[in-house]
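Scroll down for the structure; my scribbles are underneath it.
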Amino acid sequence: MTEKVVVLGAGYAGAGAIQRLEVELEHADAELTWVSEHDYHLVLHEAHRVIRDPGVAEDITIPVGDVVSPSTDFVQARVESVDTDEQVVALDDEEVEYDYLLVALGSQTAYYGIPGMEENALTLKGLDDAREIHRRVKQAASEASRNDPAKVVIGGAGLSGIQSAGEVAEFRDEHRAPIDIYLVEALEEIMPGQDSELQGTVRRHLEEADVDILTDDPITEADEDAIYFDEGEPLDYDVFVWTGGITGQDALDDCDLDNEHNRVTAESDFRTSDDRVFAIGDSAIVDQGNDPAPPTAQAAWQAAEVAAQNIARAINDQPFETWTYDDKGTLVSIGETAVAHDVDVIPVRTFNSYPAQFLKKFVAARWIADLTSWPRALKSWSSL
Ligand SMILES: Cc1cc2nc3c(=O)[nH]c(=O)nc-3n(C[C@H](O)[C@H](O)[C@H](O)COP(=O)(O)OP(=O)(O)OC[C@H]3O[C@@H](n4cnc5c(N)ncnc54)[C@H](O)[C@@H]3O)c2cc1C
């Protein structure tokens, strides 16, 4: 019997897995279907670059046809829901049946019920978001003056917030634009939960880039002019971007898989509460003992290989591989510069400037090369 294997999502998790599945299932009686809303893979962890320069978009998008062979059926559509009883995925205007399903739909922005946040904040979860932030920053700057600068406020000081603030600062400097930049974080320090040496180095770079950092005071409300804090004075804004957290996709709202806030809970072999469904990347909370795997590109990329192998193993009735997340370190850009921390091939704990910048570019380029080829990756080099 032909096994129908369906992969949902074309991010790091989905793109990595589909490529590996093509290899694993080459000689199996299986049909591969890949579903995603766009017909390209987006190197999302570099999407903040588009805030400074929309021209970067071309270099960080890879057409699906460059990722998979023609024998894989690609369906460009939005996933609306997953019915695990019927083994069917509902799309915009059709249904796809599966024998094995890999959920790799990534995440969406979490608003934590903060009044006015969803209605008033811009988000950064894709190319259109990044282009819109660029447009709004540019427009605000064009209406501002040295005496009355535009205020760009970024809420949430994790990887996306910090890197976005860095790109707005580069835009300001390149265009000599009158912009004040604020980075707001509810917790005591930026990059919450990370090593203090890394936090301190990133903070120093942000301050050198003239980003005002406000910490230890949660946002309690937002309206169309200002954000409001638990303790501090309200902060008015011209552009407000919220990158303060992630949650699972609405498409997983009604499915019967065990989940936490629509992020599907999965074992360390990516099995979910349904034997026929596996989940990886930001879409999943993958058990790793004490802490689940982090919602990062790095983790999704690593997980993809093993998840694909395990789907092949399920088809062949073989025991599953378990996966252990291997933290290879952190790379953060602040505009043109970068900070690297705990990178396993380099003996220095935290470093910055050119070596870190090179390494960050190299890691993104290697991902593009893995998916396509080194010549394609090198074409993108200047944008990374
Ligand atoms: C600005 C920014 C900077 C970041 N920087 C870093 C970094 O420096 N390092 C790092 O490790 N991580 C970083 N991250 C996090 C990283 O990008 C994510 O953890 C990673 O993208 C997760 O991969 P994924 O494949 O699970 O999801 P995604 O890459 O988000 O892919 C999800 C896929 O599913 C598709 N999809 C979603 N919903 C639907 C639907 N309903 N129907 C059809 N298709 C759908 C999407 O279009 C996409 O193709 C950053 C994220 C952002 C936003």
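Residues in the structure tokens are numbered from 1 in each chain, the chains being A, B, ... in the order shown, and ligands are numbered from 1 in the order shown.
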
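Excluding Trp34 of chain A and any residue on its chain fewer than 2 positions from it, the residues at most 6 Å away by only C-alpha atoms are A:Val6, A:Val7, A:Phe74.
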
Now that the selection is made, can you save its residues with C-alpha atoms as a compact mmCIF listing (two decimals), in the first residue's frame?
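Output file result-v1.txt is given in full below:
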# COMPACT_ATOMS: atom_id res chain seq x y z
CA VAL A 6 2.32 14.97 4.37
CA VAL A 7 4.55 17.75 5.71
CA PHE A 74 3.90 20.86 -3.37

Check: Can you tell me, as a PyMOL selection string, what residues are no more than 9 Å from Asp236 of chain A when counting only C-alpha atoms, ignoring any on the same chain fewer than 3 positions away?
Finding: chain A and resi 151+153+224-228

Grab the residues selected above and save them as a PDB file, in the first residue's frame with C-alpha atoms.
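Now in again.pdb:
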ATOM      1  CA  LYS A 151       9.633  57.189  18.118  1.00  0.00           C
ATOM      2  CA  VAL A 153       9.237  51.226  20.128  1.00  0.00           C
ATOM      3  CA  GLU A 224      -2.983  53.657  18.917  1.00  0.00           C
ATOM      4  CA  ASP A 225      -0.666  56.297  20.402  1.00  0.00           C
ATOM      5  CA  ALA A 226       1.085  54.808  23.402  1.00  0.00           C
ATOM      6  CA  ILE A 227       1.948  51.791  25.480  1.00  0.00           C
ATOM      7  CA  TYR A 228       1.259  51.688  29.205  1.00  0.00           C
TER       8      TYR A 228
END

Notebook entry, point to check: Within 6 Å of ligand 1, counting only C-alpha atoms and all ligand atoms: which residues, as a PyMOL selection string?
Noted result: chain A and resi 9-14+36-38+41+44-48+77-80+104-107+124-125+159-160+251+281-283+295-298+300+331-332

Mind checking which residues fall within 7 Å of Asp238 of chain A, counting only C-alpha atoms, ignoring those fewer than 5 positions away in the same chain, and posting them as a PDB file with N, CA and C atoms, in the first residue's frame?
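Writing the result to result37.pdb gives the following:
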ATOM      1  N   ALA A 140       7.345  57.367   9.226  1.00  0.00           N
ATOM      2  CA  ALA A 140       7.438  58.136  10.478  1.00  0.00           C
ATOM      3  C   ALA A 140       8.658  59.052  10.436  1.00  0.00           C
ATOM      4  N   ALA A 150      10.940  60.816  15.291  1.00  0.00           N
ATOM      5  CA  ALA A 150       9.988  59.699  15.284  1.00  0.00           C
ATOM      6  C   ALA A 150      10.374  58.735  16.405  1.00  0.00           C
ATOM      7  N   LYS A 151       9.353  58.156  17.043  1.00  0.00           N
ATOM      8  CA  LYS A 151       9.633  57.189  18.118  1.00  0.00           C
ATOM      9  C   LYS A 151       9.287  55.791  17.630  1.00  0.00           C
ATOM     10  N   VAL A 152      10.280  54.923  17.571  1.00  0.00           N
ATOM     11  CA  VAL A 152      10.032  53.524  17.215  1.00  0.00           C
ATOM     12  C   VAL A 152      10.234  52.702  18.490  1.00  0.00           C
TER      13      VAL A 152
END

Item checked: 6 Å contact set for segment 186-200 of chain A, only C-alpha atoms, chain neighbours under 4 positions out, as an MDAnalysis selection string -> chainID A and resid 157:158 215:218

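Each of A:Ile315, A:Ile133, A:Ala369, A:Ile246 was checked against Tyr100 of chain A using only C-alpha atoms; the smallest atom-to-atom distance is that of A:Ile315.
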
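Among the candidates A:Arg271, A:Val184, A:Asp258, A:Gly156, the one nearest to Gly244 of chain A when counting only C-alpha atoms is A:Gly156.
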
Margin query: When you look at Asn310 of chain A with a cut-off of 9 Å (counting only C-alpha atoms), what residues show up, excluding the ones that are within fewer than 4 positions of it in the same chain? I need them as a list of chain:residue names.
Written below: A:Asp269, A:Phe270, A:Arg271, A:Phe278, A:Glu305, A:Val306, A:Ala314, A:Ile315, A:Gln318, A:Pro319, A:Phe320, A:Glu321, A:Thr322

Margin query: Could you pull out the strand (DSSP E or B) residues of segment 202-369 of chain A, going by DSSP on the backbone, and write them as a ChimeraX atom specification?
Written below: /A:211-214,219-222,226-229,235-236,239-242,246-247,259-260,263-266,271,277-279,284-286,330-334,337-341,350-352

Next item on the list: Write out as JSON, numbers by chain all residues of segment 251-339 of chain A that DSSP puts in helix (DSSP H, G or I) for this structure's backbone.
Entry: {"A": [251, 252, 281, 282, 283, 297, 298, 299, 300, 301, 302, 303, 304, 305, 306, 307, 308, 309, 310, 311, 312, 313, 314, 315]}

Next, write the just-selected residues to a file, as a short mmCIF file (atom, residue, chain, number, x, y, z; two decimals), in the first residue's frame, keeping C-alpha atoms as the atom set.
data_model
loop_
_atom_site.label_atom_id
_atom_site.label_comp_id
_atom_site.auth_asym_id
_atom_site.auth_seq_id
_atom_site.Cartn_x
_atom_site.Cartn_y
_atom_site.Cartn_z
CA ALA A 251 -4.85 26.16 12.47
CA LEU A 252 -4.15 23.78 15.38
CA GLY A 281 10.05 23.26 15.28
CA ASP A 282 8.19 26.16 16.87
CA SER A 283 4.91 24.27 16.33
CA ALA A 297 15.89 28.00 13.93
CA GLN A 298 18.83 26.06 15.27
CA ALA A 299 16.61 23.55 17.08
CA ALA A 300 14.14 23.22 14.17
CA TRP A 301 16.97 22.58 11.73
CA GLN A 302 18.49 19.86 13.93
CA ALA A 303 15.15 18.22 14.66
CA ALA A 304 14.12 18.01 11.00
CA GLU A 305 16.62 15.28 10.11
CA VAL A 306 15.65 12.97 12.95
CA ALA A 307 11.92 13.55 12.51
CA ALA A 308 12.20 12.57 8.85
CA GLN A 309 14.15 9.45 9.78
CA ASN A 310 11.51 8.52 12.33
CA ILE A 311 8.67 8.85 9.85
CA ALA A 312 10.58 6.50 7.54
CA ARG A 313 11.11 4.19 10.52
CA ALA A 314 7.40 4.25 11.34
CA ILE A 315 6.64 3.19 7.76
#

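Note that atom CA of Val89 of chain A and atom CA of Cys255 of chain A are 10.1 Å apart.
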
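As for atom CA of Pro178 of chain A and atom CA of Glu143 of chain A, they are spaced 9.3 Å apart.
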
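In this comparison, which uses only C-alpha atoms, the residue of A:Glu185, A:Glu207, A:Asp291, A:Asp66 approaching Thr220 of chain A most closely is A:Glu185.
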